[in-house]
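S.K.: File work_37.txt below, compact mmCIF, C-alpha atoms:
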```txt
# COMPACT_ATOMS: atom_id res chain seq x y z
CA MET I 663 30.24 -42.37 0.08
CA LYS I 664 28.02 -42.13 -2.96
CA ARG I 665 26.06 -39.50 -4.86
CA ILE I 666 23.11 -40.53 -7.01
CA LEU I 667 21.21 -38.15 -9.29
CA LEU I 668 18.85 -39.94 -11.68
CA GLY I 669 17.64 -36.87 -13.58
CA LYS I 670 14.50 -37.53 -15.61
CA PHE I 671 14.41 -41.17 -14.53
CA SER I 672 12.99 -42.70 -11.40
CA GLN I 673 14.71 -45.76 -9.97
CA ALA I 674 11.67 -47.83 -10.93
CA GLU I 675 11.78 -46.53 -14.51
CA LEU I 676 15.48 -47.34 -14.82
CA ASP I 677 14.89 -50.79 -13.42
CA GLN I 678 12.17 -51.35 -16.03
CA ILE I 679 14.39 -50.09 -18.86
CA ILE I 680 17.31 -52.29 -17.82
CA ARG I 681 15.10 -55.35 -17.37
CA LYS I 682 13.55 -54.78 -20.80
CA SER I 683 16.97 -54.38 -22.41
CA SER I 684 18.18 -57.62 -20.83
CA LEU I 685 15.62 -59.47 -22.95
CA ILE I 686 17.15 -58.17 -26.21
CA SER I 687 19.39 -60.89 -27.62
CA GLU I 688 21.56 -58.83 -30.02
CA THR I 689 24.20 -56.75 -28.22
CA GLY I 690 24.04 -53.91 -30.75
CA ASP I 691 20.25 -53.71 -30.55
CA GLN I 692 20.46 -53.68 -26.77
CA ILE I 693 22.95 -50.78 -26.78
CA ASP I 694 20.80 -48.92 -29.33
CA PHE I 695 17.74 -49.33 -27.09
CA LEU I 696 19.55 -48.23 -23.93
CA SER I 697 21.37 -45.27 -25.46
CA ARG I 698 18.18 -44.05 -27.14
CA GLN I 699 16.76 -43.40 -23.66
CA PHE I 700 19.55 -40.83 -23.16
CA LEU I 701 18.84 -38.74 -26.27
CA GLY I 702 18.31 -35.14 -25.21
CA ILE I 703 20.01 -35.49 -21.81
CA ASP I 704 22.22 -32.47 -21.14
CA TYR I 705 25.94 -32.46 -21.67
CA ALA I 706 27.76 -31.84 -18.39
CA GLU I 707 31.47 -31.83 -17.58
CA SER I 708 33.17 -32.92 -14.37
CA THR I 709 30.26 -34.81 -12.84
CA LEU I 710 32.53 -37.29 -11.07
CA ILE I 711 33.99 -36.45 -7.67
CA GLY I 712 37.59 -37.23 -6.81
CA ASP I 713 41.10 -36.13 -7.68
CA ALA I 714 44.61 -36.25 -6.27
CA ASN I 715 43.49 -34.13 -3.29
CA THR I 716 39.81 -35.12 -3.00
CA PRO I 717 38.54 -38.54 -1.89
CA GLU I 718 36.72 -40.41 -4.63
CA VAL I 719 32.93 -40.54 -4.35
CA PHE I 720 30.89 -43.16 -6.19
CA VAL I 721 28.71 -41.12 -8.52
CA ILE I 722 25.73 -41.92 -10.69
CA ASN I 723 24.66 -38.69 -12.37
CA LEU I 724 22.08 -39.01 -15.13
CA GLU I 725 21.11 -35.33 -15.00
CA GLY I 726 24.03 -34.61 -17.32
CA VAL I 727 26.73 -36.72 -18.96
CA ASP I 728 29.96 -36.16 -20.83
CA CYS I 729 31.09 -38.37 -23.68
CA PHE I 730 32.84 -40.85 -21.40
CA THR I 731 30.32 -41.13 -18.55
CA PHE I 732 27.65 -41.61 -21.24
CA ILE I 733 29.29 -44.75 -22.63
CA GLU I 734 30.12 -45.93 -19.09
CA TYR I 735 26.45 -45.85 -18.12
CA ILE I 736 25.34 -47.57 -21.32
CA GLU I 737 27.98 -50.31 -21.07
CA THR I 738 27.06 -50.93 -17.43
CA MET I 739 23.34 -51.08 -18.17
CA ARG I 740 23.82 -53.59 -20.97
CA LEU I 741 25.75 -55.84 -18.55
CA SER I 742 23.00 -55.65 -15.93
CA ASP I 743 19.53 -57.10 -15.53
CA SER I 744 18.17 -54.69 -12.88
CA TYR I 745 18.81 -51.28 -11.35
CA SER I 746 20.55 -52.80 -8.35
CA GLY I 747 22.81 -54.71 -10.72
CA PHE I 748 23.54 -51.49 -12.60
CA GLU I 749 24.60 -49.71 -9.44
CA SER I 750 27.03 -52.45 -8.42
CA ASN I 751 28.30 -53.18 -11.95
CA LEU I 752 29.20 -49.54 -12.61
CA LYS I 753 32.01 -49.96 -10.12
CA LYS I 754 33.38 -52.84 -12.20
CA VAL I 755 33.25 -50.84 -15.45
CA ARG I 756 34.54 -47.53 -14.07
CA TYR I 757 37.18 -48.82 -11.65
CA ARG I 758 39.89 -51.46 -11.84
CA SER I 759 38.93 -54.45 -9.71
CA GLY I 760 35.75 -52.56 -8.82
CA MET I 761 37.58 -50.55 -6.14
CA VAL I 762 36.23 -47.00 -5.88
CA ASP I 763 39.34 -44.85 -5.86
CA PHE I 764 40.62 -42.03 -8.04
CA LEU I 765 43.80 -44.00 -8.76
CA ASN I 766 41.75 -47.01 -9.89
CA ARG I 767 39.41 -45.10 -12.18
CA ASN I 768 39.61 -45.83 -15.91
CA HIS I 769 40.43 -42.31 -17.03
CA PHE I 770 41.31 -43.05 -20.65
CA PHE I 771 39.52 -44.79 -23.52
CA SER I 772 42.56 -47.08 -23.84
CA ASP I 773 42.04 -48.18 -20.23
CA TRP I 774 38.94 -50.05 -21.39
CA LYS I 775 41.07 -52.10 -23.79
CA LYS I 776 43.41 -53.04 -20.93
CA TYR I 777 41.18 -53.28 -17.87
CA ASN I 778 37.70 -53.97 -19.33
CA ARG I 779 38.80 -56.62 -21.80
CA ASP I 780 36.25 -59.02 -20.31
CA PHE I 781 33.57 -56.70 -21.72
CA VAL I 782 35.04 -55.18 -24.91
CA ASP I 783 37.51 -56.01 -27.68
CA ASP I 784 39.70 -53.56 -29.58
CA VAL I 785 38.66 -54.33 -33.18
CA THR I 786 40.38 -51.31 -34.75
CA GLU I 787 42.83 -53.50 -36.68
CA GLU I 788 40.04 -55.77 -37.91
CA ILE I 789 37.88 -52.85 -39.00
CA GLY I 790 40.79 -51.01 -40.63
CA ASN I 791 41.89 -54.14 -42.52
CA GLY I 792 45.48 -53.02 -43.13
CA LYS I 793 44.75 -49.30 -43.14
CA ILE I 794 45.69 -48.62 -39.53
CA VAL I 795 48.40 -46.48 -37.95
CA GLY I 796 50.19 -47.51 -34.74
CA VAL I 797 51.75 -45.03 -32.32
CA GLN I 798 53.34 -45.40 -28.90
CA LYS I 799 52.04 -42.83 -26.43
CA THR I 800 52.73 -41.93 -22.82
CA LEU I 801 49.20 -41.20 -21.68
CA ASN I 802 48.61 -38.35 -19.22
CA GLU I 803 51.96 -36.62 -19.91
CA ARG I 804 51.88 -33.40 -21.89
CA GLU I 805 54.68 -32.27 -24.17
CA ASP I 806 55.99 -29.95 -21.46
CA GLY I 807 56.12 -32.81 -18.92
CA THR I 808 53.07 -31.73 -16.90
CA TYR I 809 50.13 -34.08 -16.31
CA PHE I 810 46.60 -33.81 -17.64
CA LEU I 811 45.48 -35.55 -14.43
CA PRO I 812 47.71 -34.74 -11.46
CA GLY I 813 48.20 -37.80 -9.28
CA ILE I 814 47.86 -40.32 -12.09
CA GLN I 815 51.16 -41.80 -13.21
CA PRO I 816 51.77 -41.68 -16.98
CA ALA I 817 51.53 -45.05 -18.70
CA GLN I 818 52.79 -46.34 -22.01
CA HIS I 819 50.12 -47.48 -24.48
CA LYS I 820 50.35 -48.62 -28.06
CA ILE I 821 47.51 -46.91 -29.88
CA LEU I 822 46.12 -48.30 -33.12
CA TYR I 823 43.79 -46.05 -35.08
CA ILE I 824 42.22 -45.80 -38.52
CA PRO I 825 43.08 -42.46 -40.18
CA SER I 826 40.05 -40.54 -41.43
CA GLY I 827 41.46 -40.65 -44.96
CA ALA I 828 41.15 -44.45 -44.85
CA LEU I 829 37.48 -44.44 -43.80
CA ASP I 830 35.94 -45.80 -46.99
CA ILE I 831 32.80 -47.82 -47.71
CA PRO I 832 34.33 -51.21 -46.76
CA VAL I 833 35.49 -49.77 -43.40
CA PHE I 834 32.07 -48.23 -42.71
CA ASN I 835 30.43 -51.54 -43.63
CA ARG I 836 32.50 -53.39 -41.04
CA LEU I 837 31.29 -51.13 -38.22
CA ARG I 838 28.35 -52.39 -36.17
CA THR I 839 25.62 -50.78 -34.16
CA GLY I 840 26.84 -50.65 -30.57
CA ASP I 841 30.54 -50.20 -31.37
CA TYR I 842 32.22 -47.68 -29.07
CA ILE I 843 34.17 -45.12 -31.08
CA GLY I 844 37.09 -43.06 -29.81
CA ILE I 845 38.11 -40.05 -31.89
CA TYR I 846 41.89 -40.26 -32.01
CA SER I 847 43.79 -37.28 -30.58
CA GLY I 848 47.07 -36.09 -32.04
CA LEU I 849 47.97 -34.41 -28.77
CA GLN I 850 50.85 -35.89 -26.81
CA GLY I 851 49.53 -37.60 -23.69
CA LEU I 852 46.00 -38.27 -24.95
CA ASP I 853 44.56 -41.24 -26.81
CA VAL I 854 41.19 -39.78 -27.81
CA SER I 855 39.50 -36.40 -27.74
CA HIS I 856 35.94 -37.74 -27.75
CA ALA I 857 33.90 -40.94 -27.64
CA GLY I 858 30.49 -42.15 -28.74
CA ILE I 859 28.43 -45.06 -30.03
CA ILE I 860 27.87 -46.22 -33.61
CA ILE I 861 24.21 -46.53 -34.65
CA LYS I 862 23.48 -47.95 -38.11
CA ASP I 863 20.07 -47.47 -39.73
CA ARG I 864 19.91 -49.06 -43.16
CA CYS I 865 22.43 -47.06 -45.23
CA ASP I 866 22.92 -44.36 -42.60
CA ILE I 867 25.57 -44.36 -39.87
CA PHE I 868 25.23 -42.11 -36.84
CA LEU I 869 27.43 -41.23 -33.91
CA ARG I 870 25.30 -41.16 -30.76
CA HIS I 871 27.23 -39.11 -28.26
CA ALA I 872 27.16 -36.46 -25.56
CA SER I 873 28.11 -33.44 -27.63
CA SER I 874 29.87 -30.44 -26.12
CA GLN I 875 29.27 -28.36 -29.26
CA SER I 876 27.46 -25.13 -28.47
CA GLU I 877 24.59 -25.86 -30.86
CA TYR I 878 23.81 -29.15 -29.08
CA ARG I 879 25.16 -29.52 -25.49
CA LYS I 880 23.23 -32.76 -25.12
CA VAL I 881 23.15 -36.40 -26.23
CA VAL I 882 22.45 -36.41 -29.96
CA ASP I 883 22.75 -38.48 -33.14
CA GLN I 884 24.99 -36.99 -35.83
CA ASP I 885 25.90 -38.24 -39.29
CA PHE I 886 29.07 -40.20 -38.55
CA LYS I 887 30.61 -39.86 -42.02
CA ILE I 888 30.31 -36.09 -41.86
CA TYR I 889 31.41 -35.92 -38.22
CA VAL I 890 34.73 -37.71 -38.80
CA THR I 891 35.64 -35.87 -42.02
CA ASN I 892 38.06 -33.46 -40.33
CA LYS I 893 39.05 -35.69 -37.41
CA PRO I 894 42.47 -37.44 -37.24
CA GLY I 895 40.99 -40.94 -37.06
CA ILE I 896 39.07 -43.46 -34.97
CA ILE I 897 39.60 -46.29 -32.48
CA VAL I 898 36.91 -48.99 -32.32
CA LEU I 899 36.02 -51.03 -29.24
CA ARG I 900 33.37 -53.70 -29.71
CA PRO I 901 31.26 -54.93 -26.78
CA LYS I 902 31.45 -58.67 -26.23
CA ALA I 903 28.40 -60.84 -25.96
CA VAL I 904 28.88 -61.81 -22.34
CA GLU I 905 26.77 -63.10 -19.51
CA ARG I 906 25.34 -60.30 -17.42
CA ILE I 907 27.17 -59.52 -14.20
CA THR I 908 25.24 -60.05 -10.99
```
Could you rewrite the structure in this file as structure tokens?
M.R.:
Amino acid sequence: MKRILLGKFSQAELDQIIRKSSLISETGDQIDFLSRQFLGIDYAESTLIGDANTPEVFVINLEGVDCFTFIEYIETMRLSDSYSGFESNLKKVRYRSGMVDFLNRNHFFSDWKKYNRDFVDDVTEEIGNGKIVGVQKTLNEREDGTYFLPGIQPAQHKILYIPSGALDIPVFNRLRTGDYIGIYSGLQGLDVSHAGIIIKDRCDIFLRHASSQSEYRKVVDQDFKIYVTNKPGIIVLRPKAVERIT
């Protein structure tokens, strides 16, 4: 089963956008181009279908995105050279071994580091350059022992993050356009509370993300330095320059 809602795009328009992006040689520029097409798209929660009691449905929903489906769609598009490639490659980015099943879905930002390592590298330690913090977390298990996602077994992950207090000019300079940013969560059982994409424009750094804030509720660019001021820290995943998946 599948459910496809393309929102403001037609299939032909998406095919054209993806084909045009495939001609861009720099990975960061390609991600900038693709994600720019999403600016203004509504923020929407729970667009995927499937849980412990509901069979998983393969969903493409571009009418509205949350922070994680937004980066999923962008990462898949940059790995594709056509709309048909995008549709098949999304399964490889969203699900382990490309098998559409709730248990195989990459639910956490840290899952990309483990299961999508062919596509992205965790460069947090490199970017932080000695200013990182490492914590061991049991993802999906709350402090009271209940699960954030019933049906998904908790898993141990070592999380490396750069504390916001260590985000200085050298750290900002080491970030690149196209880096995927996870906002570290201090909550037990979670790795990040939000995710987005770094966009650098001369001296300015933006976070392009699907914002749930009431004044936005859409995909926007926000000043990254201001955005992270009161956040615990960041995790940085960098897309690899890889051959497109067919």
S.K.: Could you build a table of the residues in stretch 825-850 of chain I lying no more than 12 Å from stretch 798-810 of chain I, giving for each the nearest pair of atoms and their separation in Å rounded to one decimal place, using all atoms listed in the file, ordered by chain and ascending residue number, as a tab-separated table?
M.R.:
```
residue	atom	partner	partner_atom	distance
I:Tyr846	CA	I:Lys799	CA	11.9
I:Ser847	CA	I:Lys799	CA	10.8
I:Gly848	CA	I:Lys799	CA	10.1
I:Leu849	CA	I:Arg804	CA	8.0
I:Gln850	CA	I:Arg804	CA	5.6
```
S.K.: Please save C-alpha atoms of the selected residues as a PDB file, in the frame of the given file.
M.R.:
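The resulting again-v3.pdb:
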```
ATOM      1  CA  TYR I 846      41.890 -40.260 -32.010  1.00  0.00           C
ATOM      2  CA  SER I 847      43.790 -37.280 -30.580  1.00  0.00           C
ATOM      3  CA  GLY I 848      47.070 -36.090 -32.040  1.00  0.00           C
ATOM      4  CA  LEU I 849      47.970 -34.410 -28.770  1.00  0.00           C
ATOM      5  CA  GLN I 850      50.850 -35.890 -26.810  1.00  0.00           C
TER       6      GLN I 850
END
```
S.K.: Under the rule that all atoms listed in the file are counted, which of I:Lys775, I:Arg740, I:Arg756, I:Arg870 is the nearest residue to I:Thr689?
M.R.: I:Arg740
S.K.: Dump as a list in words all residues having an atom at most 10 Å from (25.4, -46.8, -10.4), computed in the file's coordinates with all atoms listed in the file.
M.R.: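 Residues close enough to count: Lys664, Arg665, Ile666, Leu667, Leu668, Phe720, Val721, Ile722, Asn723, Leu724, Glu734, Tyr735, Thr738, Met739, Tyr745, Ser746, Gly747, Phe748, Glu749, Ser750, Asn751, Leu752, Lys753 and Arg756 of chain I.
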S.K.: Please provide as an MDAnalysis selection string all residues within 12 Å of stretch 853-856 of chain I, with the sequence filter that same-chain residues fewer than 3 positions apart are discarded (counting only C-alpha atoms).
M.R.: chainID I and resid 728:733 769:775 796:804 810 817:823 842:850 859 869:875 889:890 893:898
S.K.: With all atoms listed in the file as the basis for distance, which of I:Leu685, I:Lys862, I:Met761, I:Lys880 is at the shortest distance from I:Leu741?
M.R.: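 Closest to I:Leu741 of all the choices is I:Leu685.
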S.K.: Compare I:Ala674, I:Leu899, I:Cys865, I:Val833 by their minimum atom-to-atom distance to I:Asp783, counting only C-alpha atoms, and give me the closest one.
M.R.: I:Leu899
S.K.: Report the distance between atom CA of I:Tyr878 and atom CA of I:Glu707 in Å, rounded to one decimal place.
M.R.: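 One can read the atom CA of I:Tyr878 to atom CA of I:Glu707 distance as 14.1 Å.
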S.K.: Between atom CA of I:Ile686 and atom CA of I:Leu837, what distance in Å does the model show, to one decimal?
M.R.: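 Interatomic distance, atom CA of I:Ile686 to atom CA of I:Leu837: 19.8 Å.
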S.K.: Calculated over all atoms listed in the file, which of the candidates I:Glu788, I:Ile711, I:Ala706, I:Ser744 has the smallest distance to I:Gln678?
M.R.: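 Using all atoms listed in the file, I:Gln678 sits closest to I:Ser744.
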S.K.: How many Å lie between atom CA of I:Leu701 and atom CA of I:Val782, rounded to one decimal?
M.R.: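 A separation of 23.1 Å between them.
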S.K.: Nearest to I:Ser684: which of I:Asn766, I:Ser742, I:Thr716, I:Thr891 is it, counting only C-alpha atoms?
M.R.: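 Closest to I:Ser684, using only C-alpha atoms: I:Ser742.
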S.K.: Would you give the centre and edge lengths, in Å to one decimal, of a box along x, y and z around the listed atoms of stretch 806-822 of chain I, with 4 Å added to each side, as JSON?
M.R.:
```
{"center_x": 50.8, "center_y": -39.3, "center_z": -21.2, "size_x": 18.6, "size_y": 26.7, "size_z": 31.8}
```
S.K.: Would you list the contacts of I:Gly840 as a PyMOL selection string, taking every protein, DNA or RNA residue within 7 Å and counting all atoms listed in the file, but skipping same-chain residues closer than 3 positions in sequence?
M.R.: chain I and resi 690+693-694+859-861
S.K.: Which polymer residues have any atom within 8 Å of an atom of I:Asp763, counting only C-alpha atoms, with same-chain residues fewer than 3 positions away left out, as a ChimeraX atom specification?
M.R.: /I:712,717-719,757,766-767
